[in-house]
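One file, query08.txt, is given below (compact mmCIF, C-alpha atoms).
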```
# COMPACT_ATOMS: atom_id res chain seq x y z
CA ILE A 1 -1.91 11.23 -53.76
CA VAL A 2 0.49 14.15 -54.07
CA LEU A 3 -0.93 17.54 -55.00
CA PRO A 4 0.91 20.02 -57.24
CA ASN A 5 1.94 22.04 -54.17
CA GLY A 6 3.56 18.93 -52.69
CA ALA A 7 0.84 18.26 -50.09
CA VAL A 8 0.00 14.61 -49.55
CA ARG A 9 -3.62 13.53 -49.31
CA THR A 10 -5.13 10.16 -48.52
CA VAL A 11 -8.25 9.39 -50.53
CA TRP A 12 -10.91 6.73 -50.77
CA ALA A 13 -11.66 5.82 -54.41
CA GLU A 14 -14.50 3.62 -55.64
CA GLY A 15 -15.60 3.00 -59.23
CA ARG A 16 -17.89 0.86 -61.35
CA LEU A 17 -17.48 -0.08 -65.02
CA MET A 18 -20.52 0.64 -67.23
CA HIS A 19 -21.38 -1.63 -70.22
CA ASP A 20 -23.52 -1.18 -73.34
CA GLU A 21 -26.26 -3.59 -74.47
CA SER A 22 -23.70 -5.83 -76.10
CA GLY A 23 -21.67 -6.05 -72.95
CA GLU A 24 -18.86 -3.82 -74.10
CA PRO A 25 -17.37 -1.43 -71.48
CA VAL A 26 -18.28 2.12 -72.33
CA ALA A 27 -17.60 4.17 -69.20
CA LEU A 28 -16.16 4.16 -65.75
CA VAL A 29 -18.28 5.81 -63.04
CA GLY A 30 -16.74 6.51 -59.67
CA TYR A 31 -15.92 8.99 -56.97
CA VAL A 32 -12.96 10.01 -54.87
CA GLN A 33 -13.27 11.14 -51.24
CA ASP A 34 -10.58 12.96 -49.27
CA ILE A 35 -10.09 10.98 -46.02
CA THR A 36 -6.84 12.63 -44.93
CA LYS A 37 -8.29 13.95 -41.64
CA ARG A 38 -9.89 10.62 -40.81
CA LYS A 39 -6.62 8.72 -41.42
CA ALA A 40 -4.72 11.28 -39.33
CA ALA A 41 -7.21 10.78 -36.49
CA GLU A 42 -6.91 7.00 -36.79
CA GLN A 43 -3.10 7.25 -36.68
CA ALA A 44 -3.24 9.55 -33.67
CA LEU A 45 -5.53 7.08 -31.90
CA HIS A 46 -3.21 4.21 -32.80
CA ASP A 47 -0.16 6.11 -31.51
CA SER A 48 -2.03 6.99 -28.31
CA GLU A 49 -3.00 3.36 -27.75
CA GLU A 50 0.61 2.30 -28.35
CA ARG A 51 1.87 4.80 -25.78
CA TYR A 52 -0.84 3.74 -23.33
CA HIS A 53 0.02 0.06 -23.82
CA LEU A 54 3.74 0.74 -23.44
CA ALA A 55 3.14 2.74 -20.26
CA LEU A 56 1.07 -0.07 -18.73
CA GLU A 57 3.65 -2.69 -19.69
CA ASN A 58 6.49 -0.76 -18.05
CA MET A 59 4.65 0.04 -14.82
CA LEU A 60 6.03 -1.49 -11.63
CA GLU A 61 2.44 -1.91 -10.45
CA GLY A 62 0.44 -4.84 -11.73
CA CYS A 63 -2.29 -3.95 -14.22
CA GLN A 64 -4.97 -6.40 -15.34
CA ILE A 65 -8.37 -6.26 -17.01
CA ILE A 66 -10.92 -8.95 -16.20
CA GLY A 67 -13.93 -9.47 -18.48
CA PHE A 68 -17.52 -9.97 -17.34
CA ASP A 69 -17.04 -13.73 -17.91
CA TRP A 70 -13.98 -13.58 -15.58
CA ARG A 71 -11.49 -14.05 -18.43
CA TYR A 72 -8.16 -12.25 -18.40
CA LEU A 73 -8.30 -9.68 -21.19
CA TYR A 74 -5.02 -7.96 -20.34
CA VAL A 75 -2.13 -8.53 -17.91
CA ASN A 76 1.12 -6.58 -17.84
CA ALA A 77 4.57 -7.94 -17.05
CA SER A 78 4.27 -7.16 -13.34
CA VAL A 79 1.08 -9.23 -13.03
CA VAL A 80 2.73 -12.11 -14.90
CA ALA A 81 5.69 -12.03 -12.51
CA SER A 82 3.62 -11.77 -9.32
CA SER A 83 1.12 -14.44 -10.43
CA ARG A 84 3.93 -16.94 -11.18
CA ARG A 85 2.19 -17.84 -14.44
CA ARG A 86 3.11 -17.30 -18.08
CA GLN A 87 1.15 -14.68 -19.99
CA GLU A 88 -0.16 -17.28 -22.45
CA GLU A 89 -1.47 -19.30 -19.49
CA MET A 90 -3.62 -16.36 -18.42
CA LEU A 91 -4.92 -14.42 -21.42
CA GLY A 92 -8.26 -15.72 -22.65
CA ARG A 93 -8.71 -18.00 -19.66
CA THR A 94 -10.89 -17.41 -16.62
CA MET A 95 -9.56 -16.66 -13.15
CA MET A 96 -11.03 -19.98 -12.03
CA GLU A 97 -9.06 -21.84 -14.70
CA VAL A 98 -5.81 -20.06 -13.90
CA PHE A 99 -6.22 -20.26 -10.12
CA PRO A 100 -8.47 -23.24 -9.27
CA GLY A 101 -10.49 -22.62 -6.12
CA ILE A 102 -10.13 -18.83 -6.22
CA GLU A 103 -13.91 -18.46 -6.27
CA GLY A 104 -13.99 -19.77 -2.70
CA ILE A 105 -11.79 -17.09 -1.13
CA GLU A 106 -12.58 -13.60 0.15
CA LEU A 107 -10.67 -11.93 -2.71
CA PHE A 108 -13.10 -13.31 -5.29
CA ALA A 109 -16.08 -12.28 -3.17
CA VAL A 110 -14.85 -8.66 -3.26
CA LEU A 111 -14.20 -8.81 -7.01
CA HIS A 112 -17.65 -10.34 -7.60
CA ARG A 113 -19.29 -7.53 -5.64
CA CYS A 114 -17.38 -4.92 -7.66
CA MET A 115 -18.32 -6.64 -10.92
CA VAL A 116 -22.04 -6.94 -10.11
CA GLU A 117 -22.57 -3.65 -8.28
CA ARG A 118 -20.10 -1.69 -10.47
CA THR A 119 -18.37 -0.27 -7.42
CA ALA A 120 -14.71 0.46 -6.65
CA GLU A 121 -12.73 -1.10 -3.80
CA LEU A 122 -9.31 -0.47 -2.25
CA PHE A 123 -8.02 -3.16 0.10
CA GLU A 124 -5.05 -5.29 1.17
CA ASN A 125 -5.02 -8.96 0.30
CA LYS A 126 -2.80 -11.89 1.25
CA PHE A 127 -2.49 -14.29 -1.68
CA VAL A 128 -1.38 -17.87 -1.06
CA TYR A 129 0.43 -19.62 -3.92
CA ASP A 130 0.33 -23.29 -4.92
CA ASP A 131 3.51 -24.08 -2.97
CA GLY A 132 2.11 -22.61 0.25
CA SER A 133 4.14 -19.39 0.12
CA SER A 134 2.29 -16.09 0.21
CA ALA A 135 2.54 -12.43 -0.74
CA TRP A 136 0.65 -9.29 0.26
CA PHE A 137 -0.83 -6.89 -2.28
CA ASN A 138 -2.59 -3.56 -2.12
CA LEU A 139 -5.42 -3.86 -4.65
CA SER A 140 -7.37 -1.06 -6.29
CA VAL A 141 -10.39 -2.38 -8.22
CA GLN A 142 -12.25 -0.14 -10.66
CA PRO A 143 -15.24 -1.03 -12.90
CA VAL A 144 -14.52 -0.37 -16.60
CA PRO A 145 -16.59 -1.02 -19.76
CA GLU A 146 -14.75 -4.32 -20.32
CA GLY A 147 -15.37 -5.55 -16.75
CA LEU A 148 -12.84 -4.77 -14.00
CA PHE A 149 -9.49 -2.99 -13.99
CA ILE A 150 -7.24 -4.11 -11.12
CA LEU A 151 -4.11 -2.23 -10.05
CA SER A 152 -1.90 -4.21 -7.66
CA VAL A 153 1.14 -3.17 -5.61
CA ASP A 154 3.30 -5.76 -3.84
CA ILE A 155 3.49 -4.72 -0.16
CA THR A 156 5.00 -7.97 1.15
CA GLU A 157 8.17 -6.30 2.46
CA ARG A 158 6.14 -3.64 4.27
CA LYS A 159 3.89 -6.24 5.88
CA GLN A 160 6.91 -8.30 6.94
CA ALA A 161 8.48 -5.19 8.47
CA GLU A 162 5.24 -4.41 10.30
CA GLU A 163 5.06 -7.96 11.66
CA ALA A 164 8.71 -7.86 12.74
CA LEU A 165 8.02 -4.55 14.52
CA ARG A 166 4.92 -5.99 16.18
CA GLN A 167 6.88 -9.01 17.44
CA SER A 168 9.71 -6.76 18.62
CA GLU A 169 7.27 -4.55 20.50
CA ALA A 170 5.62 -7.63 22.01
CA ARG A 171 9.01 -8.90 23.26
CA PHE A 172 9.84 -5.43 24.60
CA SER A 173 6.47 -5.22 26.37
CA THR A 174 7.00 -8.63 27.99
CA ALA A 175 10.50 -7.74 29.21
CA PHE A 176 9.25 -4.32 30.33
CA GLN A 177 6.42 -5.71 32.44
CA LEU A 178 8.41 -8.60 33.96
CA SER A 179 11.46 -6.55 34.93
CA PRO A 180 11.95 -6.34 38.73
CA ALA A 181 13.24 -2.75 38.31
CA ALA A 182 10.83 0.19 38.31
CA LEU A 183 10.42 1.13 34.63
CA SER A 184 8.52 3.91 32.89
CA LEU A 185 8.18 4.90 29.25
CA THR A 186 7.58 8.59 28.52
CA ARG A 187 7.22 10.79 25.45
CA ALA A 188 9.38 13.81 24.70
CA ASP A 189 6.81 16.08 26.39
CA GLY A 190 7.12 14.10 29.62
CA ARG A 191 3.76 12.35 29.34
CA ILE A 192 3.87 8.79 30.68
CA VAL A 193 3.02 6.12 28.11
CA ASP A 194 3.43 3.05 30.31
CA VAL A 195 4.81 1.84 33.65
CA ASN A 196 5.47 -1.64 34.97
CA THR A 197 4.44 -3.15 38.30
CA GLY A 198 7.83 -2.23 39.81
CA TYR A 199 7.12 1.44 39.11
CA GLU A 200 3.65 1.09 40.62
CA ARG A 201 5.15 -0.36 43.82
CA LEU A 202 7.81 2.35 44.04
CA SER A 203 5.50 5.31 43.34
CA GLY A 204 2.37 4.04 45.02
CA TYR A 205 0.34 5.05 41.94
CA THR A 206 -1.54 2.62 39.72
CA ARG A 207 -0.79 2.37 36.01
CA GLU A 208 -4.16 3.94 35.22
CA GLU A 209 -3.38 6.95 37.44
CA LEU A 210 -0.09 7.62 35.64
CA ILE A 211 -0.65 7.00 31.94
CA GLY A 212 -1.10 10.25 30.04
CA ARG A 213 0.16 12.37 32.91
CA ASP A 214 3.50 13.99 33.71
CA ALA A 215 5.57 12.76 36.68
CA THR A 216 5.90 16.36 37.84
CA GLU A 217 2.14 16.74 37.58
CA VAL A 218 1.51 13.96 40.09
CA GLY A 219 4.38 15.10 42.29
CA ILE A 220 6.87 12.24 41.88
CA PHE A 221 9.63 14.77 41.23
CA THR A 222 9.89 18.50 40.63
CA MET A 223 10.30 20.59 37.48
CA ALA A 224 13.78 21.55 38.68
CA GLN A 225 14.71 17.87 38.93
CA ARG A 226 13.37 17.23 35.42
CA HIS A 227 15.36 20.13 33.99
CA ASP A 228 18.50 18.80 35.71
CA LEU A 229 17.91 15.29 34.33
CA ARG A 230 17.46 16.57 30.79
CA GLN A 231 20.56 18.72 30.99
CA ARG A 232 22.65 15.79 32.19
CA MET A 233 21.23 13.54 29.47
CA MET A 234 22.14 16.07 26.79
CA GLU A 235 25.69 16.22 28.13
CA GLN A 236 25.95 12.41 28.06
CA GLY A 237 24.49 11.78 24.60
CA GLY A 238 20.94 10.93 25.60
CA ILE A 239 21.91 8.42 28.31
CA LEU A 240 21.89 8.77 32.08
CA ASN A 241 23.28 5.97 34.26
CA GLU A 242 22.45 5.52 37.95
CA ALA A 243 22.07 9.15 38.91
CA GLU A 244 21.15 9.59 42.56
CA MET A 245 17.94 11.52 43.16
CA MET A 246 15.00 11.76 45.52
CA ILE A 247 11.39 11.18 44.56
CA TYR A 248 8.08 11.29 46.39
CA ASN A 249 5.57 8.47 46.39
CA LYS A 250 1.79 8.87 46.48
CA SER A 251 1.81 9.02 50.28
CA GLY A 252 4.33 11.89 50.22
CA GLU A 253 7.20 9.72 51.50
CA LEU A 254 10.68 10.60 50.24
CA ARG A 255 12.52 7.82 48.42
CA HIS A 256 16.20 7.77 47.45
CA VAL A 257 16.67 6.09 44.09
CA LEU A 258 19.25 5.50 41.36
CA TYR A 259 17.77 6.93 38.16
CA SER A 260 18.84 5.71 34.71
CA VAL A 261 17.39 7.02 31.43
CA LYS A 262 17.94 6.02 27.81
CA SER A 263 16.35 7.42 24.64
CA ILE A 264 14.82 4.70 22.46
CA GLU A 265 12.99 4.78 19.15
CA ILE A 266 9.71 2.89 18.75
CA GLY A 267 8.19 3.20 15.30
CA ASP A 268 8.85 6.81 14.29
CA GLU A 269 8.78 8.28 17.81
CA ILE A 270 11.48 8.86 20.42
CA PHE A 271 10.74 7.80 24.00
CA ALA A 272 12.62 7.93 27.30
CA LEU A 273 12.97 4.60 29.12
```
For the file at hand, write its structure as structure tokens.
Amino acid sequence: IVLPNGAVRTVWAEGRLMHDESGEPVALVGYVQDITKRKAAEQALHDSEERYHLALENMLEGCQIIGFDWRYLYVNASVVASSRRRQEEMLGRTMMEVFPGIEGIELFAVLHRCMVERTAELFENKFVYDDGSSAWFNLSVQPVPEGLFILSVDITERKQAEEALRQSEARFSTAFQLSPAALSLTRADGRIVDVNTGYERLSGYTREELIGRDATEVGIFTMAQRHDLRQRMMEQGGILNEAEMMIYNKSGELRHVLYSVKSIEIGDEIFAL
């Protein structure tokens, strides 16, 4: 209704028709209640839910709500895409119906524990699809009044990069250890990370005696020699090829060697090889 001052009010009206003994209507009894504030609160809640729903739908992360009976109550577009199912194939159906056999894998065991114990979990999971392909996800599981809320992030590219790095490092380690040349790998502070058998033979020190120590500390060469090597590397762009120098082995014998150094990056750290 519109008041004389132009203000708009929402009201709840209810009435009942009164009759006389002959059945003729004689009066109308009723009441009117101002429910403007209640309707405004309901509209605010509706708008908030719409914004919340829109935010979930547009998230890059997968969002899903699983009921206590393991039925999908909500899945956003990201979950639909990563599950390789249509939304109508998921909503209202159980996880076991959508993904037959899922109750037999470790993922379901974790979800079951969260559901029963009402605990949260954060873990990485490799999911294998029907065609044998797979994808990695970082899963955050939270108990909610409806059951479980699961936030998923596709980390397949990161896991593939990690595996490629691991394989690359494995190939490097094999070549490093099998090389007939004396090789060492050191950090920027001069601490030795690894040496191969050729370096052990040349220096007379075992790998265990060298790792974590500085070559100047054990006496293989002097601080002056190290400073000279670093200066020459800086002048040549981080590379030193077959520089003649003298080193001392464990027995104190002087050895003439050709010394080559190259800066390499492993992971996020720079080493000298």
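Residues in contact with A:Gln33 at 9 Å, where all atoms listed in the file are counted and same-chain residues fewer than 5 positions away are skipped, are listed as A:Thr10, A:Val11, A:Trp12, A:Ala13, A:Glu14.
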Point-to-point distance in Å for atom CA of A:Leu91 and atom CA of A:Leu111 | 18.0 Å
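We find atom CA of A:Asn241 and atom CA of A:Glu208 to be spaced 27.5 Å apart.
Compared by their closest atoms to A:Ser82, and using only C-alpha atoms, the residues A:Glu163, A:Asp34, A:Glu157, A:Glu61 rank with A:Glu61 nearest.
Proximity ranking of A:Asp69, A:Glu146, A:Asp194, A:Glu106 relative to A:Gly92 places A:Asp69 first, based on all atoms listed in the file.
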Please return stretch 221-232 of chain A, rebuilt to all heavy atoms, as a CSV table (one decimal), in the coordinates of the input.
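File selection36.csv, as written:
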```csv
chain,number,residue,atom,x,y,z
A,221,PHE,N,8.5,13.9,41.1
A,221,PHE,CA,9.6,14.8,41.2
A,221,PHE,C,9.3,16.2,40.7
A,221,PHE,O,8.2,16.4,40.2
A,221,PHE,CB,10.9,14.2,40.6
A,221,PHE,CG,10.7,13.8,39.1
A,221,PHE,CD1,10.7,14.7,38.1
A,221,PHE,CD2,10.6,12.4,38.8
A,221,PHE,CE1,10.5,14.3,36.8
A,221,PHE,CE2,10.5,12.0,37.5
A,221,PHE,CZ,10.4,13.0,36.5
A,222,THR,N,10.2,17.1,40.9
A,222,THR,CA,9.9,18.5,40.6
A,222,THR,C,10.3,18.9,39.2
A,222,THR,O,11.1,18.2,38.6
A,222,THR,CB,10.6,19.4,41.6
A,222,THR,OG1,12.0,19.3,41.5
A,222,THR,CG2,10.2,19.0,43.1
A,223,MET,N,9.9,20.1,38.8
A,223,MET,CA,10.3,20.6,37.5
A,223,MET,C,11.8,20.8,37.4
A,223,MET,O,12.5,20.6,36.4
A,223,MET,CB,9.5,21.9,37.2
A,223,MET,CG,8.1,21.7,36.8
A,223,MET,SD,7.9,20.7,35.3
A,223,MET,CE,8.5,21.9,34.1
A,224,ALA,N,12.3,21.3,38.6
A,224,ALA,CA,13.8,21.6,38.7
A,224,ALA,C,14.6,20.3,38.5
A,224,ALA,O,15.6,20.2,37.8
A,224,ALA,CB,14.1,22.2,40.0
A,225,GLN,N,14.1,19.2,39.1
A,225,GLN,CA,14.7,17.9,38.9
A,225,GLN,C,14.7,17.4,37.5
A,225,GLN,O,15.6,16.9,36.9
A,225,GLN,CB,14.0,16.8,39.8
A,225,GLN,CG,14.4,17.0,41.3
A,225,GLN,CD,13.6,15.9,42.1
A,225,GLN,OE1,12.4,15.9,42.1
A,225,GLN,NE2,14.4,15.2,42.9
A,226,ARG,N,13.5,17.6,36.8
A,226,ARG,CA,13.4,17.2,35.4
A,226,ARG,C,14.4,18.0,34.6
A,226,ARG,O,15.0,17.4,33.7
A,226,ARG,CB,12.0,17.5,34.9
A,226,ARG,CG,11.9,17.2,33.4
A,226,ARG,CD,10.6,17.8,32.8
A,226,ARG,NE,9.6,16.8,32.9
A,226,ARG,CZ,8.3,17.1,32.4
A,226,ARG,NH1,8.0,18.2,31.9
A,226,ARG,NH2,7.4,16.2,32.6
A,227,HIS,N,14.4,19.3,34.8
A,227,HIS,CA,15.4,20.1,34.0
A,227,HIS,C,16.8,19.6,34.2
A,227,HIS,O,17.6,19.5,33.2
A,227,HIS,CB,15.2,21.6,34.4
A,227,HIS,CG,16.2,22.5,33.7
A,227,HIS,ND1,16.0,22.9,32.4
A,227,HIS,CD2,17.4,23.1,34.1
A,227,HIS,CE1,17.0,23.7,32.0
A,227,HIS,NE2,17.8,23.8,33.1
A,228,ASP,N,17.1,19.3,35.4
A,228,ASP,CA,18.5,18.8,35.7
A,228,ASP,C,18.8,17.5,35.0
A,228,ASP,O,19.8,17.3,34.4
A,228,ASP,CB,18.7,18.6,37.2
A,228,ASP,CG,20.0,18.1,37.6
A,228,ASP,OD1,21.0,18.8,37.3
A,228,ASP,OD2,20.1,17.0,38.1
A,229,LEU,N,17.8,16.6,35.0
A,229,LEU,CA,17.9,15.3,34.3
A,229,LEU,C,18.1,15.5,32.8
A,229,LEU,O,19.0,14.8,32.2
A,229,LEU,CB,16.7,14.4,34.6
A,229,LEU,CG,16.5,13.8,36.0
A,229,LEU,CD1,15.2,13.1,36.1
A,229,LEU,CD2,17.6,12.8,36.3
A,230,ARG,N,17.3,16.4,32.2
A,230,ARG,CA,17.5,16.6,30.8
A,230,ARG,C,18.8,17.2,30.4
A,230,ARG,O,19.4,16.8,29.4
A,230,ARG,CB,16.3,17.5,30.3
A,230,ARG,CG,15.0,16.8,30.3
A,230,ARG,CD,13.9,17.6,29.7
A,230,ARG,NE,12.7,16.9,29.5
A,230,ARG,CZ,11.5,17.4,29.0
A,230,ARG,NH1,11.5,18.7,28.7
A,230,ARG,NH2,10.4,16.7,28.9
A,231,GLN,N,19.3,18.1,31.2
A,231,GLN,CA,20.6,18.7,31.0
A,231,GLN,C,21.7,17.7,31.1
A,231,GLN,O,22.6,17.7,30.2
A,231,GLN,CB,20.8,19.8,32.0
A,231,GLN,CG,22.1,20.6,31.8
A,231,GLN,CD,22.0,21.4,30.5
A,231,GLN,OE1,21.0,21.9,30.1
A,231,GLN,NE2,23.2,21.5,29.8
A,232,ARG,N,21.6,16.8,32.0
A,232,ARG,CA,22.6,15.8,32.2
A,232,ARG,C,22.6,14.8,31.1
A,232,ARG,O,23.6,14.3,30.6
A,232,ARG,CB,22.5,15.1,33.6
A,232,ARG,CG,22.8,16.1,34.7
A,232,ARG,CD,22.4,15.6,36.1
A,232,ARG,NE,23.1,14.4,36.5
A,232,ARG,CZ,22.9,13.8,37.7
A,232,ARG,NH1,22.0,14.3,38.5
A,232,ARG,NH2,23.7,12.8,38.0
```
